[in-house]
Every structure is written in structure tokens, then in C-alpha cells.
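Undergrad: This structure is in C-alpha cells; I'll ask about it shortly.
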Amino acid sequence: MKKLPVFTLGVEEEYQIIDPQTRDLRSHMSKIVDGAKIFLKEQVKAEMHQSVVEVGTNICQNVHDARKEVAFLRKKIVDLAAEQGLVVGASGTHPFSKWQDQPITDDPRYHMIVNELQDTARSNLIFGLHVHVGIENREIALQIMNQACYFLPHIYALTTNSPFWEGRNTGFKAFRAHVFAKFPRTGLPEYFDSVQSYDNFLETLVKTNCIDNPKKIWWDLRMHPFFSTIEFRICDMCLTVDETMCVVALIQAVVAKLYKMHLMNTSFNVYRIALIRENKFRAARYGTDGMMIDFGQRKEVPYKELMMELLDFVDDVVDELGSRDEINYIHKILHEGTGADKQLKIFEETQDLSKVVDFIVGEFSKNI
């Protein structure tokens, strides 16, 4: 069997900048980003809201390199925030901050988006994890994108970490995706039968002034328009480095397994997006505690059973990728709960969302 290529990784995380007294989101007035750029150059940038900082790793050769970079970036932003008397948290939404109170970053790009999308953009106060996996061949990348859609709800459920919105328990383990769904060109991508049809689709949107560049396709999974990667964008921001790296390892393993199947002249079934959407809803609503649909068997099964099947599916590529320890962390998440489960537990015990904020701040800095 031919050796697998190196599936390089890029990890992007979006952080909450928080006032330690009020526990509310707080504008950092670009001071954290400006300070970080001295050390991190283009690895850090401001987001639309001034209380958000986005960081991204360099291109990493494996999960171990990625782990070092993610931990380093978290620590650097924590240190810079501390200099401003602020703290940093990790969650897909803030437990009680209101988007109406959050200033927009003074940048032409964001002014353009707000001008076009109005309150849809202003209310998009959410925090995610994006994972790039490098694949040079675009035809193979597109095939893998089509097939990997099936696994998006499985991955998403592990990262559910946004149960609260504007001071309310939403009843969802992940409400972030429902906030983002108001944007155009979001959600699960449709099936494309060739790179040409994919490129024609993007070209049509640009030519008709729907978008000014292909990066404004904000799907849960996309073949990146400028990099030789496929980008998984469905995940909530994870509490800890361990959780982030567990998810990164699983995503890389799914891509590597589908690539290996391609080398063996076989492929995974491509299911209708309308069916996968049902599992995505279940992942957002119940996290790892609910039932999902096994489309092959056409029946409901417990999520944890499906995850065991997924782990068996990718098992033959994990050691070659060197990510066994990170993949095994999935068992800990299934046993102890996701970020959403832990947030809800704190709230159940205290009935105090400020304590939930303290929790997500404390978890952010673990293992850095």
C-alpha cells in the first residue's frame, strides 16, 4: 500500500476578550492585536467585533506541531490581555453579552459586510474553530469534501460549546450555528461533481456581484479558494487545547482515510445534504447525548455508538498520522461531556452566568 502524503494542518481559533470585573465582553481597542503582531505577524487579526481576537497557526506538519502552536498562541494572547487588565475565554457564544453593546472594528472590510448584511452581521457575535487540511490535488480535494460532509455532524457534536445566548439557556448544546445561519452562503455545502462546476459556481457569484471574493463562501466545509486545503468550519470554539487538538486529529484522520480509500479505487457514500442536515440539527440540539441517524442502516442510533464506528473507520490511518493520543481524547469527552455540558453543569449548580464565564476563562488557559 502506497504511503499516505503529509496532511498538513492549519488551525484558527476565535477568542473572547472579557472584562474580569463585569465578566462581559470588552473591546480591546486593537491593543491586543497590535501587540501580538509584533511577535506573531499575520498569525493574529481583529475580527468584526472589537471583543474578538482570531489567531491562526503556521502550516503544521502534524498534530504535535499544531498543538505547540495552539498552546503558544493561547498563552501569548492571555499575556497580552493581562497587560490591558483583561482575560480570555473560549466558548462558541458568550453566556450573556448582548451584540447590540459590542462595537464593530473600524476596518473597510467589516464596514462593507455590515453595510450589506445589516443586523445579520452586527448580531454575529460568535466564536469558532476552523481546521485546514492540506491537499494539493483539487479534484481529490473536491471528492473528499463531498464525502466528508457525512461526518460533519459527528465532529460538530464533540465541539458543542454554546448553550447560552444573551443570558438565556437556549436549550441547544450549540446555538452558535443558528446565529450564523442568518448569513448567506452558510451551512452544509451542496454536492459538486467536478472542480470545473465548483469554480463556475464561485465565478458566477463574483461576476454577478453576490460576493467580491470567493472567501465569502462561509460553508461548514469548503475547498479553500486560495490555499491548497479543505477547511472545516463547523466547530464551536473549544474550551481547552486538548479538546481543540482532539478535534483537529479527528478531522485530519477522516481526510486521510477518505484519501486512502481513493488510492484503493473506492470511496465513501455521498449522502443527500438534506439528510445530513437532520444530523447537524441533532448535534446542535443534543451534543453527544442524543440519537443520530445511521443512513446506511436507515435507523436512529445513539451518537456515542456512531462515534465508536467512526473511530473504527479511521483507525488504520491514525498511527501513520501520529495522532493516537489526540484521537483517544475523544473517549474523555464522551465520558465527561463537551464544553456545553460543562457550562450547563456550572449554571445548574450556581444559577449564575458570571460563574460560567469564570469557568470558560479558567479552562482556556489549561495546558498552555
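Going by the C-alpha cells order, chains are called A, B, ..., each with residues numbered from 1, while ligands are numbered from 1 in the order shown.
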Taking 4 positions as the minimum chain separation for residues in the same chain, which residues sit within 7 Å of Ile276 in chain A when counting only C-alpha atoms? Answer as a ChimeraX atom specification.

TA: /A:150,272,280

Undergrad: Using DSSP assignments from the backbone, pull out every residue in range 221-321 of chain A that falls under strand (DSSP E or B) and give it to me as a ChimeraX atom specification.

TA: /A:221-223,229-236,291-294,299-302

Undergrad: Could those selected residues go to a file with all heavy atoms, as a short mmCIF file (atom, residue, chain, number, x, y, z; two decimals), in the first residue's frame?

TA:
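Final file, out-v8.cif:
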```
data_model
loop_
_atom_site.label_atom_id
_atom_site.label_comp_id
_atom_site.auth_asym_id
_atom_site.auth_seq_id
_atom_site.Cartn_x
_atom_site.Cartn_y
_atom_site.Cartn_z
N LEU A 221 -17.96 23.44 5.44
CA LEU A 221 -16.79 22.76 4.85
C LEU A 221 -16.61 23.32 3.45
O LEU A 221 -17.57 23.39 2.68
CB LEU A 221 -17.03 21.24 4.80
CG LEU A 221 -16.00 20.37 4.08
CD1 LEU A 221 -14.64 20.47 4.74
CD2 LEU A 221 -16.46 18.91 4.05
N ARG A 222 -15.41 23.75 3.15
CA ARG A 222 -15.19 24.31 1.81
C ARG A 222 -13.80 23.96 1.32
O ARG A 222 -12.87 23.76 2.12
CB ARG A 222 -15.36 25.83 1.82
CG ARG A 222 -14.30 26.59 2.59
CD ARG A 222 -14.53 28.10 2.59
NE ARG A 222 -13.48 28.81 3.33
CZ ARG A 222 -13.45 30.11 3.52
NH1 ARG A 222 -14.43 30.88 3.03
NH2 ARG A 222 -12.46 30.68 4.20
N MET A 223 -13.69 23.84 0.03
CA MET A 223 -12.38 23.77 -0.58
C MET A 223 -11.89 25.22 -0.66
O MET A 223 -12.55 26.07 -1.28
CB MET A 223 -12.47 23.14 -1.98
CG MET A 223 -11.14 22.79 -2.58
SD MET A 223 -11.27 21.62 -3.95
CE MET A 223 -12.13 22.61 -5.18
N THR A 229 -6.09 23.60 0.48
CA THR A 229 -6.63 22.94 1.67
C THR A 229 -8.13 22.74 1.51
O THR A 229 -8.79 23.41 0.71
CB THR A 229 -6.40 23.78 2.95
OG1 THR A 229 -7.21 24.97 2.89
CG2 THR A 229 -4.94 24.16 3.12
N ILE A 230 -8.65 21.81 2.32
CA ILE A 230 -10.08 21.83 2.59
C ILE A 230 -10.23 22.29 4.03
O ILE A 230 -9.45 21.91 4.91
CB ILE A 230 -10.77 20.47 2.33
CG1 ILE A 230 -10.10 19.33 3.06
CG2 ILE A 230 -10.84 20.18 0.85
CD1 ILE A 230 -10.83 18.01 2.86
N GLU A 231 -11.21 23.15 4.24
CA GLU A 231 -11.35 23.84 5.53
C GLU A 231 -12.66 23.44 6.20
O GLU A 231 -13.74 23.64 5.65
CB GLU A 231 -11.32 25.36 5.30
CG GLU A 231 -11.42 26.16 6.58
CD GLU A 231 -11.53 27.66 6.33
OE1 GLU A 231 -11.68 28.06 5.15
OE2 GLU A 231 -11.50 28.43 7.31
N PHE A 232 -12.54 22.90 7.40
CA PHE A 232 -13.70 22.52 8.21
C PHE A 232 -14.03 23.70 9.12
O PHE A 232 -13.22 24.11 9.96
CB PHE A 232 -13.37 21.28 9.05
CG PHE A 232 -13.22 20.02 8.25
CD1 PHE A 232 -12.12 19.82 7.42
CD2 PHE A 232 -14.18 19.00 8.32
CE1 PHE A 232 -11.98 18.65 6.67
CE2 PHE A 232 -14.05 17.83 7.58
CZ PHE A 232 -12.94 17.66 6.76
N ARG A 233 -15.24 24.24 8.99
CA ARG A 233 -15.61 25.48 9.67
C ARG A 233 -16.81 25.30 10.61
O ARG A 233 -17.33 26.27 11.14
CB ARG A 233 -15.95 26.55 8.63
CG ARG A 233 -14.83 26.86 7.65
CD ARG A 233 -15.31 27.76 6.52
NE ARG A 233 -16.06 28.89 6.99
CZ ARG A 233 -15.51 30.04 7.40
NH1 ARG A 233 -14.20 30.20 7.38
NH2 ARG A 233 -16.28 31.02 7.82
N ILE A 234 -17.26 24.08 10.80
CA ILE A 234 -18.50 23.82 11.52
C ILE A 234 -18.35 23.92 13.04
O ILE A 234 -19.33 24.12 13.74
CB ILE A 234 -19.05 22.43 11.14
CG1 ILE A 234 -20.52 22.29 11.59
CG2 ILE A 234 -18.18 21.30 11.69
CD1 ILE A 234 -21.23 21.06 11.05
N CYS A 235 -17.14 23.81 13.56
CA CYS A 235 -16.94 23.58 15.00
C CYS A 235 -17.11 24.84 15.84
O CYS A 235 -16.68 25.93 15.46
CB CYS A 235 -15.54 23.02 15.26
SG CYS A 235 -15.23 21.46 14.41
N ASP A 236 -17.72 24.67 17.02
CA ASP A 236 -17.67 25.70 18.06
C ASP A 236 -16.23 25.86 18.54
O ASP A 236 -15.43 24.92 18.47
CB ASP A 236 -18.53 25.30 19.27
CG ASP A 236 -20.00 25.65 19.10
OD1 ASP A 236 -20.39 26.15 18.04
OD2 ASP A 236 -20.76 25.42 20.07
N MET A 291 -29.53 10.98 19.80
CA MET A 291 -29.56 9.96 18.77
C MET A 291 -29.21 10.62 17.43
O MET A 291 -29.58 11.76 17.19
CB MET A 291 -30.94 9.33 18.66
CG MET A 291 -31.49 8.78 19.97
SD MET A 291 -30.70 7.23 20.47
CE MET A 291 -31.56 6.07 19.37
N MET A 292 -28.50 9.89 16.60
CA MET A 292 -28.27 10.34 15.23
C MET A 292 -28.74 9.26 14.27
O MET A 292 -28.99 8.12 14.67
CB MET A 292 -26.79 10.67 15.00
CG MET A 292 -26.39 12.04 15.47
SD MET A 292 -24.81 12.53 14.73
CE MET A 292 -24.57 14.10 15.54
N ILE A 293 -28.83 9.63 13.03
CA ILE A 293 -29.32 8.70 12.02
C ILE A 293 -28.13 8.02 11.35
O ILE A 293 -27.20 8.69 10.89
CB ILE A 293 -30.16 9.42 10.95
CG1 ILE A 293 -31.29 10.22 11.60
CG2 ILE A 293 -30.73 8.41 9.95
CD1 ILE A 293 -31.94 11.22 10.68
N ASP A 294 -28.15 6.71 11.32
CA ASP A 294 -27.22 5.93 10.52
C ASP A 294 -27.90 5.74 9.17
O ASP A 294 -28.84 4.95 9.04
CB ASP A 294 -26.94 4.58 11.19
CG ASP A 294 -25.92 3.75 10.42
OD1 ASP A 294 -25.95 3.77 9.18
OD2 ASP A 294 -25.12 3.05 11.07
N LYS A 299 -31.70 3.99 10.31
CA LYS A 299 -32.30 3.94 11.64
C LYS A 299 -31.55 4.88 12.58
O LYS A 299 -30.41 5.26 12.33
CB LYS A 299 -32.29 2.52 12.19
CG LYS A 299 -30.92 1.98 12.55
CD LYS A 299 -31.03 0.60 13.21
CE LYS A 299 -29.68 0.13 13.72
NZ LYS A 299 -29.75 -1.20 14.36
N GLU A 300 -32.22 5.23 13.69
CA GLU A 300 -31.59 6.03 14.73
C GLU A 300 -30.70 5.16 15.59
O GLU A 300 -31.06 4.04 15.93
CB GLU A 300 -32.66 6.64 15.65
CG GLU A 300 -33.48 7.76 15.08
CD GLU A 300 -34.44 8.29 16.11
OE1 GLU A 300 -35.22 7.50 16.67
OE2 GLU A 300 -34.41 9.50 16.39
N VAL A 301 -29.54 5.71 15.95
CA VAL A 301 -28.65 5.03 16.89
C VAL A 301 -28.08 6.08 17.84
O VAL A 301 -28.01 7.26 17.49
CB VAL A 301 -27.49 4.28 16.19
CG1 VAL A 301 -28.02 3.18 15.30
CG2 VAL A 301 -26.62 5.24 15.39
N PRO A 302 -27.67 5.69 19.05
CA PRO A 302 -27.05 6.66 19.95
C PRO A 302 -25.80 7.26 19.31
O PRO A 302 -25.02 6.56 18.66
CB PRO A 302 -26.70 5.82 21.18
CG PRO A 302 -27.62 4.63 21.13
CD PRO A 302 -27.81 4.36 19.67
#
```

Undergrad: I'd like the interatomic distance between CA of Ser123 in chain A and CA of Ala177 in chain A, to a tenth of an Å.

TA: 12.6 Å

Undergrad: With a distance cut-off of 7 Å and only C-alpha atoms, select the neighbouring residues of Val195 in chain A, excluding the residue or stretch itself and same-chain residues fewer than 2 positions from it, and output the selection as a VMD selection string.

TA: chain A and resid 138 to 139 142 197 to 199

Undergrad: Hey, could you make a per-residue contact list for range 176-249 of chain A against range 83-96 of chain A with 6 Å as the cut-off, showing the nearest pair of atoms and its distance in Å to one decimal, counting only C-alpha atoms, sorted by chain and number, as a tab-separated table?

TA:
```
residue	atom	partner	partner_atom	distance
A:Arg176	CA	A:Gly92	CA	5.8
A:Asp236	CA	A:Gly92	CA	4.8
A:Met237	CA	A:Gly92	CA	5.0
A:Leu239	CA	A:Ala90	CA	5.0
```

Undergrad: I want to know what sits within 9 Å of range 182-185 of chain A, based on only C-alpha atoms, with residues of the same chain fewer than 3 positions away left out; could you give that as a ChimeraX atom specification?

TA: /A:117,120-121,124,178-179,189,216-219

Undergrad: So that I can check the surroundings of Ile327 in chain A, please list as a PyMOL selection string every protein, DNA and RNA residue that reaches within 7 Å of it, counting only C-alpha atoms and ignoring chain neighbours fewer than 6 positions away.

TA: chain A and resi 246+249-250

Undergrad: How many Å separate CA of Tyr15 in chain A from CA of Val53 in chain A?

TA: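 For CA of Tyr15 in chain A relative to CA of Val53 in chain A, the distance reads 5.2 Å.
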
Undergrad: Step one, run DSSP on the backbone; step two, keep only residues of range 178-247 of chain A assigned to alpha helix (DSSP H); then write them as number ranges by chain.

TA: A: 178-180, 195-207, 241-247

Undergrad: Find the spatial neighbours of Phe227 in chain A, counting only C-alpha atoms, within a cut-off of 12 Å - ignore same-chain residues fewer than 2 positions away - and output them as a list in words.

TA: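 Near neighbours after the sequence-gap exclusion: Thr8, Leu9, Gly10, Ile59, His132, Val133, Gly134, Ile135, Glu136, Asn137, Arg138, Ala141, Pro214, Lys215, Arg222, Met223, His224, Pro225, Thr229, Ile230 and Glu231 of chain A.
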
Undergrad: Please identify all polymer residues within 10 Å of Leu40 in chain A, counting only C-alpha atoms, omitting same-chain residues fewer than 5 positions from it, and present them as a list of chain:residue names.

TA: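 In the requested form, the answer reads A:Val33, A:Asp34, A:Gly35, A:Lys45, A:Val55, A:Gly56, A:Thr57, A:Asn58, A:Leu73, A:Lys76.
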
Undergrad: Can I get the selected residues back with all heavy atoms, as a PDB file, in the first residue's frame?

TA:
```pdb
ATOM      1  N   VAL A  33      -4.307  42.976  19.474  1.00  0.00           N
ATOM      2  CA  VAL A  33      -3.910  42.592  18.113  1.00  0.00           C
ATOM      3  C   VAL A  33      -2.628  43.309  17.704  1.00  0.00           C
ATOM      4  O   VAL A  33      -1.695  42.692  17.178  1.00  0.00           O
ATOM      5  CB  VAL A  33      -5.044  42.890  17.104  1.00  0.00           C
ATOM      6  CG1 VAL A  33      -4.553  42.715  15.671  1.00  0.00           C
ATOM      7  CG2 VAL A  33      -6.227  41.970  17.369  1.00  0.00           C
ATOM      8  N   ASP A  34      -2.559  44.613  17.971  1.00  0.00           N
ATOM      9  CA  ASP A  34      -1.358  45.372  17.601  1.00  0.00           C
ATOM     10  C   ASP A  34      -0.136  44.847  18.343  1.00  0.00           C
ATOM     11  O   ASP A  34       0.956  44.725  17.773  1.00  0.00           O
ATOM     12  CB  ASP A  34      -1.559  46.858  17.897  1.00  0.00           C
ATOM     13  CG  ASP A  34      -2.590  47.502  16.983  1.00  0.00           C
ATOM     14  OD1 ASP A  34      -2.912  46.885  15.942  1.00  0.00           O
ATOM     15  OD2 ASP A  34      -3.088  48.590  17.307  1.00  0.00           O
ATOM     16  N   GLY A  35      -0.316  44.526  19.638  1.00  0.00           N
ATOM     17  CA  GLY A  35       0.794  43.982  20.417  1.00  0.00           C
ATOM     18  C   GLY A  35       1.220  42.620  19.914  1.00  0.00           C
ATOM     19  O   GLY A  35       2.418  42.306  19.847  1.00  0.00           O
ATOM     20  N   LYS A  45      -5.341  38.494  14.049  1.00  0.00           N
ATOM     21  CA  LYS A  45      -6.062  39.592  13.406  1.00  0.00           C
ATOM     22  C   LYS A  45      -7.312  39.928  14.202  1.00  0.00           C
ATOM     23  O   LYS A  45      -7.842  39.094  14.955  1.00  0.00           O
ATOM     24  CB  LYS A  45      -6.425  39.245  11.957  1.00  0.00           C
ATOM     25  CG  LYS A  45      -7.415  38.116  11.794  1.00  0.00           C
ATOM     26  CD  LYS A  45      -7.726  37.899  10.316  1.00  0.00           C
ATOM     27  CE  LYS A  45      -8.781  36.815  10.125  1.00  0.00           C
ATOM     28  NZ  LYS A  45      -9.139  36.608   8.724  1.00  0.00           N
ATOM     29  N   VAL A  55      -6.771  33.981  15.956  1.00  0.00           N
ATOM     30  CA  VAL A  55      -5.383  33.584  15.730  1.00  0.00           C
ATOM     31  C   VAL A  55      -5.352  32.379  14.798  1.00  0.00           C
ATOM     32  O   VAL A  55      -6.321  31.631  14.690  1.00  0.00           O
ATOM     33  CB  VAL A  55      -4.656  33.234  17.047  1.00  0.00           C
ATOM     34  CG1 VAL A  55      -4.689  34.394  18.023  1.00  0.00           C
ATOM     35  CG2 VAL A  55      -5.239  31.980  17.681  1.00  0.00           C
ATOM     36  N   GLY A  56      -4.216  32.208  14.131  1.00  0.00           N
ATOM     37  CA  GLY A  56      -4.043  31.052  13.253  1.00  0.00           C
ATOM     38  C   GLY A  56      -2.624  30.538  13.320  1.00  0.00           C
ATOM     39  O   GLY A  56      -1.670  31.324  13.366  1.00  0.00           O
ATOM     40  N   THR A  57      -2.479  29.236  13.331  1.00  0.00           N
ATOM     41  CA  THR A  57      -1.140  28.645  13.345  1.00  0.00           C
ATOM     42  C   THR A  57      -0.467  28.843  11.997  1.00  0.00           C
ATOM     43  O   THR A  57      -1.113  29.164  10.987  1.00  0.00           O
ATOM     44  CB  THR A  57      -1.190  27.141  13.632  1.00  0.00           C
ATOM     45  OG1 THR A  57      -1.836  26.480  12.526  1.00  0.00           O
ATOM     46  CG2 THR A  57      -1.935  26.830  14.919  1.00  0.00           C
ATOM     47  N   ASN A  58       0.844  28.636  11.963  1.00  0.00           N
ATOM     48  CA  ASN A  58       1.533  28.456  10.695  1.00  0.00           C
ATOM     49  C   ASN A  58       1.135  27.099  10.121  1.00  0.00           C
ATOM     50  O   ASN A  58       0.402  26.327  10.753  1.00  0.00           O
ATOM     51  CB  ASN A  58       3.048  28.506  10.917  1.00  0.00           C
ATOM     52  CG  ASN A  58       3.521  29.889  11.332  1.00  0.00           C
ATOM     53  OD1 ASN A  58       3.283  30.867  10.624  1.00  0.00           O
ATOM     54  ND2 ASN A  58       4.190  29.981  12.474  1.00  0.00           N
ATOM     55  N   LEU A  73      -0.038  30.249  21.016  1.00  0.00           N
ATOM     56  CA  LEU A  73      -0.898  31.375  20.646  1.00  0.00           C
ATOM     57  C   LEU A  73      -1.862  31.727  21.781  1.00  0.00           C
ATOM     58  O   LEU A  73      -2.088  32.909  22.078  1.00  0.00           O
ATOM     59  CB  LEU A  73      -1.679  31.041  19.366  1.00  0.00           C
ATOM     60  CG  LEU A  73      -0.837  30.977  18.087  1.00  0.00           C
ATOM     61  CD1 LEU A  73      -1.624  30.353  16.946  1.00  0.00           C
ATOM     62  CD2 LEU A  73      -0.343  32.368  17.695  1.00  0.00           C
ATOM     63  N   LYS A  76       0.159  33.567  24.470  1.00  0.00           N
ATOM     64  CA  LYS A  76       0.556  34.909  24.053  1.00  0.00           C
ATOM     65  C   LYS A  76      -0.619  35.887  24.177  1.00  0.00           C
ATOM     66  O   LYS A  76      -0.448  37.015  24.665  1.00  0.00           O
ATOM     67  CB  LYS A  76       1.069  34.873  22.614  1.00  0.00           C
ATOM     68  CG  LYS A  76       1.616  36.209  22.101  1.00  0.00           C
ATOM     69  CD  LYS A  76       2.736  36.758  22.948  1.00  0.00           C
ATOM     70  CE  LYS A  76       3.997  35.944  22.842  1.00  0.00           C
ATOM     71  NZ  LYS A  76       5.106  36.576  23.622  1.00  0.00           N
TER      72      LYS A  76
END
```

Undergrad: Between CA of Gly128 in chain A and CA of Gly322 in chain A, what is the spacing in Å?

TA: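 Answer for the CA of Gly322 in chain A to CA of Gly128 in chain A separation: 25.3 Å.
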
Undergrad: Closest to Val131 in chain A among A:Asp312, A:Asp220, A:Asp79, A:Asp319, using only C-alpha atoms?

TA: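 Looking at the shortest contact to Val131 in chain A, the residue is A:Asp220.
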